[in-house]
Amino acid sequence: MDFTLSKEQRDIIRAARKFASGEFPDRALEFDREEKFDLALWRKACELGFVGVFIDPAYNGAGMGFLEHSLITEEFWAVDPGIGQAILSTTFGSEDLLLYGTEDQKQLVLPKLVAGEAIISTAITESDAGSDVTSVRTTAVKDGNEWLINGSKMFNTNGTIATWLLTFCLTDPDNPSRHDRHSFFLVPTDRPGFKAKKILGKTGIRASDTADISLKNVRIPIDNIVGKQGEGFHELMAFFNRTRLHICAQAVGLARGALDEAVRHTKERRQFGAPLASFQVTQFKIAEMATWIRAARNLYYEAAWLVDQGKLDHALIAMAKWFSAEIAVRCADEAVQMHGGYGYIDEYKVNRLYRAAKVLEIYEGTKEMEKTIISRAILG
Ligand SMILES: Cc1cc2nc3c(=O)[nH]c(=O)nc-3n(C[C@H](O)[C@H](O)[C@H](O)COP(=O)(O)OP(=O)(O)OC[C@H]3O[C@@H](n4cnc5c(N)ncnc54)[C@H](O)[C@@H]3O)c2cc1C
């Protein structure tokens with residue numbers, strides 16, 4: 001068993017850390033307060049090769065693995081979760097295209113994502129279909145040489161700025177199995193009938209665009225179905241088994257950022273004539289945070305490594321997603337606690353980390369859904 005990262009992987013970490021710590025801190029508060037982002041930063045990250053490293057060289061990607069993407073994600077989120085999400089979520093959907101897209105779809109979309117020329121977004125969630133994705137009611141109906149799409153989607157990351165929306169639709173409502181009724185479609189967002197409305201007031205990751213989407217008689221070419229008709233649910237589960245690794249890396253990065261802030265602050269801040277770090281209660285909290293982070297990182301490294309080896313373990317991915325999100329929330333909470341009143345003010349980075357952490361237990365499978373997957377794998 002070898003737990004060491006290769007020289008190339010260590011170089012990736014160093015480069016991602018340098019980029020994030022050089023570019024993010026000065027703008028993080030502004031983006032957070034104003035709920036906006038500067039896409040020039042995303043383009044710069046693309047130019048430097050940080051976006052879509054898992055995309056095959058045939059589509060201008062670096063042909064690396066999900067582990068390498070995770071290493072970059074961890075570094076970006078350790079500095080600022082909002083900016084990290086704004087940059088790296090721009091490929092959310094490419095994982096599905098790599099698995100199930102046609103050659104034409106891959107050639108059309110993937111090189112543009114890597115080059116910083118386009119953004120893909122994935123739309124599954126609806127008002128009555130959250131954890132229960134089989135309840136999705138947005139329909140796609142064949143009409144001559146086109147698909148006609150009608151419905152609405154919620155909480156869509158990058159919905160107002162995406163070039164394409166990978167959209168999960170009901171195509172086979174009469175199929176007796178609710179797991180065989182849906183399909184994915186590549187919907188260009190410039191089609192008549194497509195509307196996106198930015199959601200304001202998120203608790204955290206406020207640099208990241210989130211939107212409600214409405215699709216009214218949106219017509220797309222017949223070839224824009226991604227994967228097989230009726231197989232969408234099964235394809236979605238395979239897709240999540242890749243993208244949930246990104247969330248693990250987000251969580252471990254955020255937790256590490258919280259630990260770094262806690263260490264810095266408790267060494268500097270003095271009360272009762274001594275640094276906070278000299279009190280045993282502080283030392284134990286730091287020890288616990290560091291241990292949780294290490295455990296969560298080892299879980300997701302193993303899960304990502306197995307995916308890259310073609311030996312996916314879906315229960316392990318669920319364990320890594322649940323555990324890393326939970327420790328991110330705990331670490332951010334402890335870090336705020338150690339900052340006292342300062343941690344309650346948004347000027348302090350630890351405050352942004354605290355507000356960002358909660359979403360990790362919600363999106364791409366709530367912690368309850370992850371535990372359901374784990375317990376089913378054990379109990380049958
Ligand atoms: C910032 C942000 C970005 C997002 N980006 C996207 C995106 O890009 N694309 C997209 O499609 N979606 C996106 N989402 C939506 C996200 O994936 C959903 O919010 C999530 O899947 C949960 O669905 P829900 O909000 O409807 O909650 P619900 O499913 O209503 O769940 C509410 C609570 O009930 C629990 N629960 C539900 N069913 C069960 C059960 N059977 N057993 C036990 N507990 C249960 C859940 O665990 C949760 O705690 C985003 C959400 C946010 C907040």
# chains A, B, ... in the order shown; residues from 1 in each chain; ligands from 1

call {"tool": "residues_around", "arguments": {"residues": "segment 56-63 of chain A", "least_positions_apart": "3", "cutoff": "9 Å", "atoms": "only C-alpha atoms", "output": "compact mmCIF listing (two decimals) with N, CA and C atoms, in the first residue's frame"}}
result
# COMPACT_ATOMS: atom_id res chain seq x y z
N GLY A 49 -4.73 25.84 -16.76
CA GLY A 49 -4.93 24.38 -16.82
C GLY A 49 -5.57 23.77 -15.59
N VAL A 51 -8.90 23.78 -14.88
CA VAL A 51 -10.32 23.43 -15.07
C VAL A 51 -10.46 22.21 -15.99
N GLY A 52 -11.16 21.21 -15.48
CA GLY A 52 -11.45 20.01 -16.30
C GLY A 52 -10.23 19.14 -16.55
N VAL A 53 -9.37 18.98 -15.53
CA VAL A 53 -8.14 18.18 -15.75
C VAL A 53 -8.45 16.71 -16.02
N LEU A 98 -18.68 12.55 -20.58
CA LEU A 98 -17.56 11.62 -20.76
C LEU A 98 -18.03 10.18 -20.69
N LYS A 106 -19.33 15.29 -27.27
CA LYS A 106 -18.08 15.53 -26.54
C LYS A 106 -17.22 16.56 -27.27
N GLN A 107 -17.14 16.41 -28.61
CA GLN A 107 -16.31 17.35 -29.39
C GLN A 107 -16.88 18.77 -29.33
N VAL A 109 -18.71 20.14 -26.81
CA VAL A 109 -18.74 20.79 -25.50
C VAL A 109 -17.39 20.80 -24.77
N LEU A 110 -16.76 19.64 -24.68
CA LEU A 110 -15.64 19.50 -23.73
C LEU A 110 -14.46 20.45 -24.00
N PRO A 111 -14.00 20.60 -25.27
CA PRO A 111 -12.85 21.51 -25.48
C PRO A 111 -13.17 22.94 -25.05
N LYS A 112 -14.42 23.35 -25.20
CA LYS A 112 -14.79 24.72 -24.83
C LYS A 112 -14.76 24.91 -23.31
N VAL A 114 -12.74 23.35 -21.20
CA VAL A 114 -11.33 23.41 -20.79
C VAL A 114 -10.73 24.77 -21.15
N ALA A 115 -11.14 25.30 -22.31
CA ALA A 115 -10.56 26.56 -22.81
C ALA A 115 -11.14 27.81 -22.14

call {"tool": "residues_around", "arguments": {"residues": "segment 312-316 of chain A", "least_positions_apart": "3", "cutoff": "12 Å", "atoms": "only C-alpha atoms", "output": "VMD selection string"}}
result
chain A and resid 66 237 to 245 248 296 298 to 309 319 to 324 369 to 380

call {"tool": "write_last_selection", "arguments": {"atoms": "C-alpha atoms", "output": "compact mmCIF listing (two decimals), in the first residue's frame"}}
result
# COMPACT_ATOMS: atom_id res chain seq x y z
CA PHE A 66 -10.69 12.66 -10.54
CA MET A 237 -26.24 7.50 -10.20
CA ALA A 238 -23.03 6.78 -12.12
CA PHE A 239 -22.56 10.54 -12.69
CA PHE A 240 -23.03 11.29 -8.97
CA ASN A 241 -20.45 8.63 -8.15
CA ARG A 242 -17.92 10.90 -9.86
CA THR A 243 -19.19 14.33 -8.89
CA ARG A 244 -19.61 13.47 -5.20
CA LEU A 245 -15.85 13.07 -5.06
CA CYS A 248 -15.50 15.51 -0.64
CA ALA A 296 -11.81 12.42 5.59
CA ASN A 298 -7.88 9.35 3.26
CA LEU A 299 -11.49 8.25 2.64
CA TYR A 300 -11.90 10.40 -0.44
CA TYR A 301 -8.40 9.75 -1.81
CA GLU A 302 -9.16 6.03 -1.73
CA ALA A 303 -12.60 6.54 -3.29
CA ALA A 304 -11.21 8.78 -6.06
CA TRP A 305 -8.24 6.51 -6.69
CA LEU A 306 -10.57 3.51 -7.08
CA VAL A 307 -12.73 5.43 -9.60
CA ASP A 308 -9.60 6.33 -11.57
CA GLN A 309 -8.62 2.61 -11.53
CA MET A 319 -19.10 7.37 3.20
CA ALA A 320 -16.53 9.89 1.99
CA LYS A 321 -19.21 12.42 0.97
CA TRP A 322 -21.16 12.20 4.23
CA PHE A 323 -18.12 12.15 6.51
CA SER A 324 -16.15 14.91 4.79
CA MET A 369 -29.28 9.98 1.36
CA GLU A 370 -25.58 9.12 1.69
CA LYS A 371 -26.28 7.14 4.86
CA THR A 372 -29.14 5.37 3.07
CA ILE A 373 -26.68 4.25 0.35
CA ILE A 374 -24.15 3.09 2.95
CA SER A 375 -26.67 1.18 5.05
CA ARG A 376 -28.22 -0.48 1.97
CA ALA A 377 -24.76 -1.69 0.93
CA ILE A 378 -24.34 -3.26 4.37
CA LEU A 379 -27.83 -4.50 5.18
CA GLY A 380 -28.87 -5.35 1.62

call {"tool": "closest_atom_pairs", "arguments": {"of": "chain A", "to": "ligand 1", "cutoff": "8 Å", "atoms": "only C-alpha atoms and all ligand atoms", "output": "CSV"}}
result
residue,atom,partner,partner_atom_place_in_ligand_line,distance
A:Phe92,CA,ligand 1,8 (O),7.6
A:Ser121,CA,ligand 1,8 (O),6.2
A:Thr122,CA,ligand 1,9 (N),5.1
A:Ala123,CA,ligand 1,11 (O),4.0
A:Ile124,CA,ligand 1,11 (O),3.4
A:Thr125,CA,ligand 1,11 (O),3.8
A:Glu126,CA,ligand 1,26 (O),7.1
A:Ser127,CA,ligand 1,26 (O),6.6
A:Asp128,CA,ligand 1,26 (O),6.8
A:Ala129,CA,ligand 1,26 (O),5.9
A:Gly130,CA,ligand 1,26 (O),3.2
A:Ser131,CA,ligand 1,29 (O),3.6
A:Asp132,CA,ligand 1,29 (O),6.2
A:Lys153,CA,ligand 1,11 (O),7.2
A:Met154,CA,ligand 1,12 (N),6.5
A:Phe155,CA,ligand 1,50 (C),4.5
A:Asn156,CA,ligand 1,8 (O),3.9
A:Thr157,CA,ligand 1,8 (O),3.7
A:Asn158,CA,ligand 1,8 (O),7.0
A:Gly159,CA,ligand 1,8 (O),7.6
A:Lys202,CA,ligand 1,1 (C),7.0
A:Gly204,CA,ligand 1,1 (C),7.8
A:Ile205,CA,ligand 1,1 (C),7.2
A:Ser208,CA,ligand 1,1 (C),7.9
A:Thr210,CA,ligand 1,3 (C),6.1
A:Val359,CA,ligand 1,53 (C),5.8
A:Ile362,CA,ligand 1,20 (C),5.3
A:Tyr363,CA,ligand 1,17 (O),3.8
A:Glu364,CA,ligand 1,17 (O),4.6
A:Gly365,CA,ligand 1,21 (O),5.1
A:Thr366,CA,ligand 1,47 (O),4.7
A:Lys367,CA,ligand 1,47 (O),6.1
A:Glu368,CA,ligand 1,47 (O),4.4
A:Met369,CA,ligand 1,47 (O),5.7
A:Thr372,CA,ligand 1,42 (N),7.5

call {"tool": "residues_around", "arguments": {"residues": "Thr266 of chain A", "least_positions_apart": "2", "cutoff": "9 Å", "atoms": "only C-alpha atoms", "output": "number ranges by chain"}}
result
A: 261-264, 268-270, 275-278, 282, 338-339

call {"tool": "write_last_selection", "arguments": {"atoms": "all heavy atoms", "output": "mmCIF file, in the first residue's frame"}}
result
data_model
loop_
_atom_site.group_PDB
_atom_site.id
_atom_site.type_symbol
_atom_site.label_atom_id
_atom_site.label_comp_id
_atom_site.auth_asym_id
_atom_site.auth_seq_id
_atom_site.Cartn_x
_atom_site.Cartn_y
_atom_site.Cartn_z
ATOM 1 N N GLU A 261 -7.011 28.806 9.829
ATOM 2 C CA GLU A 261 -7.444 30.059 10.467
ATOM 3 C C GLU A 261 -7.441 29.929 11.983
ATOM 4 O O GLU A 261 -7.059 30.862 12.708
ATOM 5 C CB GLU A 261 -8.856 30.438 9.993
ATOM 6 C CG GLU A 261 -8.933 30.938 8.572
ATOM 7 C CD GLU A 261 -8.021 32.127 8.313
ATOM 8 O OE1 GLU A 261 -8.292 33.218 8.847
ATOM 9 O OE2 GLU A 261 -7.036 31.972 7.576
ATOM 10 N N ALA A 262 -7.874 28.775 12.474
ATOM 11 C CA ALA A 262 -7.927 28.551 13.926
ATOM 12 C C ALA A 262 -6.518 28.564 14.520
ATOM 13 O O ALA A 262 -6.281 29.167 15.576
ATOM 14 C CB ALA A 262 -8.629 27.226 14.221
ATOM 15 N N VAL A 263 -5.605 27.919 13.823
ATOM 16 C CA VAL A 263 -4.218 27.864 14.316
ATOM 17 C C VAL A 263 -3.636 29.278 14.364
ATOM 18 O O VAL A 263 -3.061 29.712 15.372
ATOM 19 C CB VAL A 263 -3.353 26.942 13.412
ATOM 20 C CG1 VAL A 263 -1.868 27.106 13.728
ATOM 21 C CG2 VAL A 263 -3.793 25.495 13.564
ATOM 22 N N ARG A 264 -3.800 30.014 13.256
ATOM 23 C CA ARG A 264 -3.244 31.366 13.183
ATOM 24 C C ARG A 264 -3.816 32.245 14.299
ATOM 25 O O ARG A 264 -3.081 32.880 15.047
ATOM 26 C CB ARG A 264 -3.570 31.966 11.804
ATOM 27 C CG ARG A 264 -2.781 33.216 11.457
ATOM 28 C CD ARG A 264 -3.305 33.877 10.190
ATOM 29 N NE ARG A 264 -4.753 33.951 10.122
ATOM 30 C CZ ARG A 264 -5.513 34.767 10.844
ATOM 31 N NH1 ARG A 264 -4.954 35.596 11.683
ATOM 32 N NH2 ARG A 264 -6.834 34.744 10.732
ATOM 33 N N GLU A 268 -2.081 33.959 17.840
ATOM 34 C CA GLU A 268 -1.957 35.424 17.950
ATOM 35 C C GLU A 268 -2.753 36.006 19.120
ATOM 36 O O GLU A 268 -2.278 36.870 19.847
ATOM 37 C CB GLU A 268 -2.472 36.069 16.663
ATOM 38 C CG GLU A 268 -1.488 36.030 15.500
ATOM 39 C CD GLU A 268 -2.144 36.456 14.184
ATOM 40 O OE1 GLU A 268 -3.238 37.068 14.214
ATOM 41 O OE2 GLU A 268 -1.571 36.135 13.139
ATOM 42 N N ARG A 269 -3.942 35.529 19.301
ATOM 43 C CA ARG A 269 -4.882 36.128 20.263
ATOM 44 C C ARG A 269 -4.520 35.718 21.691
ATOM 45 O O ARG A 269 -4.390 34.532 21.998
ATOM 46 C CB ARG A 269 -6.301 35.647 19.917
ATOM 47 C CG ARG A 269 -7.361 36.014 20.918
ATOM 48 C CD ARG A 269 -7.830 37.423 20.724
ATOM 49 N NE ARG A 269 -8.978 37.740 21.577
ATOM 50 C CZ ARG A 269 -9.336 38.963 21.878
ATOM 51 N NH1 ARG A 269 -8.650 39.998 21.397
ATOM 52 N NH2 ARG A 269 -10.381 39.189 22.638
ATOM 53 N N ARG A 270 -4.398 36.732 22.548
ATOM 54 C CA ARG A 270 -4.049 36.467 23.949
ATOM 55 C C ARG A 270 -5.221 36.813 24.845
ATOM 56 O O ARG A 270 -5.864 37.841 24.691
ATOM 57 C CB ARG A 270 -2.828 37.300 24.364
ATOM 58 C CG ARG A 270 -1.573 36.951 23.593
ATOM 59 C CD ARG A 270 -0.439 37.899 23.947
ATOM 60 N NE ARG A 270 0.063 37.658 25.298
ATOM 61 C CZ ARG A 270 0.994 36.768 25.580
ATOM 62 N NH1 ARG A 270 1.531 36.045 24.624
ATOM 63 N NH2 ARG A 270 1.393 36.609 26.829
ATOM 64 N N PRO A 275 -1.501 33.128 24.997
ATOM 65 C CA PRO A 275 -2.186 32.864 23.727
ATOM 66 C C PRO A 275 -3.281 31.811 23.924
ATOM 67 O O PRO A 275 -3.115 30.893 24.745
ATOM 68 C CB PRO A 275 -1.086 32.302 22.815
ATOM 69 C CG PRO A 275 0.188 32.486 23.526
ATOM 70 C CD PRO A 275 -0.093 32.719 24.975
ATOM 71 N N LEU A 276 -4.380 31.948 23.153
ATOM 72 C CA LEU A 276 -5.450 30.944 23.249
ATOM 73 C C LEU A 276 -4.903 29.543 22.998
ATOM 74 O O LEU A 276 -5.383 28.551 23.563
ATOM 75 C CB LEU A 276 -6.553 31.233 22.225
ATOM 76 C CG LEU A 276 -7.326 32.552 22.324
ATOM 77 C CD1 LEU A 276 -8.357 32.645 21.210
ATOM 78 C CD2 LEU A 276 -7.994 32.702 23.685
ATOM 79 N N ALA A 277 -3.874 29.465 22.131
ATOM 80 C CA ALA A 277 -3.312 28.154 21.763
ATOM 81 C C ALA A 277 -2.631 27.465 22.945
ATOM 82 O O ALA A 277 -2.332 26.268 22.881
ATOM 83 C CB ALA A 277 -2.328 28.305 20.614
ATOM 84 N N SER A 278 -2.397 28.227 24.016
ATOM 85 C CA SER A 278 -1.722 27.594 25.162
ATOM 86 C C SER A 278 -2.721 26.880 26.075
ATOM 87 O O SER A 278 -2.320 26.149 26.981
ATOM 88 C CB SER A 278 -0.938 28.646 25.961
ATOM 89 O OG SER A 278 -1.859 29.532 26.597
ATOM 90 N N THR A 282 -8.127 24.457 23.659
ATOM 91 C CA THR A 282 -7.824 24.839 22.269
ATOM 92 C C THR A 282 -6.987 23.752 21.599
ATOM 93 O O THR A 282 -7.252 23.347 20.463
ATOM 94 C CB THR A 282 -7.025 26.169 22.238
ATOM 95 O OG1 THR A 282 -7.717 27.129 23.014
ATOM 96 C CG2 THR A 282 -6.839 26.672 20.834
ATOM 97 N N MET A 338 -13.465 29.430 18.180
ATOM 98 C CA MET A 338 -12.146 29.853 18.667
ATOM 99 C C MET A 338 -11.860 31.313 18.326
ATOM 100 O O MET A 338 -10.977 31.923 18.921
ATOM 101 C CB MET A 338 -11.061 28.946 18.080
ATOM 102 C CG MET A 338 -11.038 27.581 18.748
ATOM 103 S SD MET A 338 -9.667 26.611 18.154
ATOM 104 C CE MET A 338 -10.510 25.392 17.187
ATOM 105 N N HIS A 339 -12.590 31.851 17.365
ATOM 106 C CA HIS A 339 -12.438 33.278 17.032
ATOM 107 C C HIS A 339 -13.321 34.169 17.903
ATOM 108 O O HIS A 339 -13.228 35.401 17.822
ATOM 109 C CB HIS A 339 -12.802 33.537 15.556
ATOM 110 C CG HIS A 339 -11.680 33.264 14.598
ATOM 111 N ND1 HIS A 339 -11.207 32.006 14.327
ATOM 112 C CD2 HIS A 339 -10.932 34.101 13.841
ATOM 113 C CE1 HIS A 339 -10.224 32.078 13.443
ATOM 114 N NE2 HIS A 339 -10.031 33.347 13.139
#

call {"tool": "closest_residue", "arguments": {"among": "A:Phe284, A:Phe24, A:Phe184, A:Met289", "to": "Pro81 of chain A", "atoms": "only C-alpha atoms"}}
result
A:Phe24

call {"tool": "residues_around", "arguments": {"residues": "Leu97 of chain A", "least_positions_apart": "4", "cutoff": "8 Å", "atoms": "only C-alpha atoms", "output": "PDB file with all heavy atoms, in the first residue's frame"}}
result
ATOM      1  N   GLY A  93     -21.266  18.424 -15.249  1.00  0.00           N
ATOM      2  CA  GLY A  93     -22.064  17.845 -16.333  1.00  0.00           C
ATOM      3  C   GLY A  93     -21.142  17.147 -17.326  1.00  0.00           C
ATOM      4  O   GLY A  93     -21.527  16.193 -17.995  1.00  0.00           O
ATOM      5  N   GLY A 101     -21.940  10.587 -23.402  1.00  0.00           N
ATOM      6  CA  GLY A 101     -22.141  11.467 -24.558  1.00  0.00           C
ATOM      7  C   GLY A 101     -21.687  10.815 -25.863  1.00  0.00           C
ATOM      8  O   GLY A 101     -20.833   9.917 -25.868  1.00  0.00           O
ATOM      9  N   THR A 102     -22.255  11.280 -26.969  1.00  0.00           N
ATOM     10  CA  THR A 102     -21.775  10.816 -28.280  1.00  0.00           C
ATOM     11  C   THR A 102     -20.468  11.553 -28.590  1.00  0.00           C
ATOM     12  O   THR A 102     -20.154  12.575 -27.954  1.00  0.00           O
ATOM     13  CB  THR A 102     -22.788  11.163 -29.390  1.00  0.00           C
ATOM     14  OG1 THR A 102     -22.907  12.597 -29.446  1.00  0.00           O
ATOM     15  CG2 THR A 102     -24.153  10.546 -29.128  1.00  0.00           C
ATOM     16  N   GLN A 105     -21.183  15.143 -29.338  1.00  0.00           N
ATOM     17  CA  GLN A 105     -21.481  15.954 -28.143  1.00  0.00           C
ATOM     18  C   GLN A 105     -20.192  16.288 -27.394  1.00  0.00           C
ATOM     19  O   GLN A 105     -19.986  17.424 -26.959  1.00  0.00           O
ATOM     20  CB  GLN A 105     -22.446  15.193 -27.223  1.00  0.00           C
ATOM     21  CG  GLN A 105     -23.857  15.103 -27.784  1.00  0.00           C
ATOM     22  CD  GLN A 105     -24.719  14.088 -27.058  1.00  0.00           C
ATOM     23  OE1 GLN A 105     -24.235  13.297 -26.243  1.00  0.00           O
ATOM     24  NE2 GLN A 105     -26.008  14.104 -27.340  1.00  0.00           N
ATOM     25  N   LYS A 106     -19.331  15.290 -27.269  1.00  0.00           N
ATOM     26  CA  LYS A 106     -18.078  15.533 -26.535  1.00  0.00           C
ATOM     27  C   LYS A 106     -17.218  16.563 -27.267  1.00  0.00           C
ATOM     28  O   LYS A 106     -16.647  17.460 -26.655  1.00  0.00           O
ATOM     29  CB  LYS A 106     -17.309  14.225 -26.384  1.00  0.00           C
ATOM     30  CG  LYS A 106     -17.977  13.239 -25.441  1.00  0.00           C
ATOM     31  CD  LYS A 106     -17.068  12.041 -25.270  1.00  0.00           C
ATOM     32  CE  LYS A 106     -17.831  10.792 -24.975  1.00  0.00           C
ATOM     33  NZ  LYS A 106     -17.020   9.598 -24.946  1.00  0.00           N
ATOM     34  N   VAL A 226     -28.682  12.636 -24.277  1.00  0.00           N
ATOM     35  CA  VAL A 226     -27.371  12.162 -23.823  1.00  0.00           C
ATOM     36  C   VAL A 226     -27.593  10.808 -23.158  1.00  0.00           C
ATOM     37  O   VAL A 226     -28.378  10.699 -22.217  1.00  0.00           O
ATOM     38  CB  VAL A 226     -26.735  13.154 -22.818  1.00  0.00           C
ATOM     39  CG1 VAL A 226     -25.375  12.641 -22.343  1.00  0.00           C
ATOM     40  CG2 VAL A 226     -26.580  14.536 -23.453  1.00  0.00           C
TER      41      VAL A 226
END

call {"tool": "select_by_dssp", "arguments": {"residues": "segment 101-309 of chain A", "states": "strand (DSSP E)", "output": "ChimeraX atom specification"}}
result
/A:120-123,139-143,146-157,164-170,182-188,194-198,210-221,225-226,270-271,274-275

call {"tool": "select_by_dssp", "arguments": {"residues": "segment 184-283 of chain A", "states": "alpha helix (DSSP H)", "output": "PyMOL selection string"}}
result
chain A and resi 232-268+280-283

call {"tool": "closest_residue", "arguments": {"among": "A:Ala287, A:Ala78, A:Ile55, A:Leu165", "to": "Ile220 of chain A", "atoms": "only C-alpha atoms"}}
result
A:Leu165

call {"tool": "closest_residue", "arguments": {"among": "A:Thr90, A:Asn150, A:Ser214, A:Gln280", "to": "Glu117 of chain A", "atoms": "only C-alpha atoms"}}
result
A:Thr90

call {"tool": "atom_distance", "arguments": {"atom1": "atom CA of Ile120 of chain A", "atom2": "atom CA of Gly310 of chain A"}}
result
24.6 Å

call {"tool": "closest_residue", "arguments": {"among": "A:Lys349, A:Leu170, A:Glu68, A:Asp143", "to": "Asp11 of chain A", "atoms": "only C-alpha atoms"}}
result
A:Glu68

call {"tool": "atom_distance", "arguments": {"atom1": "atom CA of Pro192 of chain A", "atom2": "atom CA of Lys216 of chain A"}}
result
8.2 Å

call {"tool": "closest_residue", "arguments": {"among": "A:Val79, A:Leu236, A:Leu353, A:Ala332", "to": "Asp96 of chain A", "atoms": "only C-alpha atoms"}}
result
A:Leu236

call {"tool": "atom_distance", "arguments": {"atom1": "atom CA of Phe54 of chain A", "atom2": "atom CA of Leu108 of chain A"}}
result
16.9 Å

call {"tool": "closest_atom_pairs", "arguments": {"of": "segment 338-360 of chain A", "to": "segment 250-255 of chain A", "cutoff": "10 Å", "atoms": "only C-alpha atoms", "output": "JSON lines"}}
result
{"residue": "A:Val350", "atom": "CA", "partner": "A:Leu254", "partner_atom": "CA", "distance": 9.6}
{"residue": "A:Arg352", "atom": "CA", "partner": "A:Leu254", "partner_atom": "CA", "distance": 9.9}
{"residue": "A:Leu353", "atom": "CA", "partner": "A:Leu254", "partner_atom": "CA", "distance": 6.4}
{"residue": "A:Tyr354", "atom": "CA", "partner": "A:Leu254", "partner_atom": "CA", "distance": 8.9}
{"residue": "A:Ala356", "atom": "CA", "partner": "A:Leu254", "partner_atom": "CA", "distance": 8.3}
{"residue": "A:Ala357", "atom": "CA", "partner": "A:Leu254", "partner_atom": "CA", "distance": 7.2}
{"residue": "A:Lys358", "atom": "CA", "partner": "A:Ala251", "partner_atom": "CA", "distance": 9.8}
{"residue": "A:Val359", "atom": "CA", "partner": "A:Ala251", "partner_atom": "CA", "distance": 9.7}
{"residue": "A:Leu360", "atom": "CA", "partner": "A:Ala251", "partner_atom": "CA", "distance": 6.7}

call {"tool": "write_last_selection", "arguments": {"atoms": "N, CA and C atoms", "output": "PDB file, in the first residue's frame"}}
result
ATOM      1  N   VAL A 350     -13.045  33.011   8.344  1.00  0.00           N
ATOM      2  CA  VAL A 350     -13.658  31.874   9.030  1.00  0.00           C
ATOM      3  C   VAL A 350     -15.191  31.972   9.005  1.00  0.00           C
ATOM      4  N   ARG A 352     -16.931  33.151   6.428  1.00  0.00           N
ATOM      5  CA  ARG A 352     -17.359  32.656   5.103  1.00  0.00           C
ATOM      6  C   ARG A 352     -17.302  31.133   5.046  1.00  0.00           C
ATOM      7  N   LEU A 353     -16.272  30.568   5.689  1.00  0.00           N
ATOM      8  CA  LEU A 353     -16.143  29.106   5.691  1.00  0.00           C
ATOM      9  C   LEU A 353     -17.325  28.481   6.431  1.00  0.00           C
ATOM     10  N   TYR A 354     -17.685  29.093   7.555  1.00  0.00           N
ATOM     11  CA  TYR A 354     -18.802  28.592   8.376  1.00  0.00           C
ATOM     12  C   TYR A 354     -20.106  28.609   7.574  1.00  0.00           C
ATOM     13  N   ALA A 356     -20.376  28.671   4.313  1.00  0.00           N
ATOM     14  CA  ALA A 356     -20.300  27.823   3.109  1.00  0.00           C
ATOM     15  C   ALA A 356     -20.487  26.344   3.440  1.00  0.00           C
ATOM     16  N   ALA A 357     -20.062  25.964   4.645  1.00  0.00           N
ATOM     17  CA  ALA A 357     -19.949  24.524   4.948  1.00  0.00           C
ATOM     18  C   ALA A 357     -21.269  23.768   4.825  1.00  0.00           C
ATOM     19  N   LYS A 358     -22.359  24.401   5.259  1.00  0.00           N
ATOM     20  CA  LYS A 358     -23.619  23.654   5.373  1.00  0.00           C
ATOM     21  C   LYS A 358     -24.082  23.039   4.055  1.00  0.00           C
ATOM     22  N   VAL A 359     -23.826  23.738   2.949  1.00  0.00           N
ATOM     23  CA  VAL A 359     -24.326  23.242   1.656  1.00  0.00           C
ATOM     24  C   VAL A 359     -23.739  21.868   1.314  1.00  0.00           C
ATOM     25  N   LEU A 360     -22.566  21.583   1.892  1.00  0.00           N
ATOM     26  CA  LEU A 360     -21.910  20.309   1.587  1.00  0.00           C
ATOM     27  C   LEU A 360     -22.714  19.113   2.096  1.00  0.00           C
TER      28      LEU A 360
END

call {"tool": "residues_around", "arguments": {"residues": "Asn145 of chain A", "least_positions_apart": "5", "cutoff": "9 Å", "atoms": "only C-alpha atoms", "output": "ChimeraX atom specification"}}
result
/A:220-223
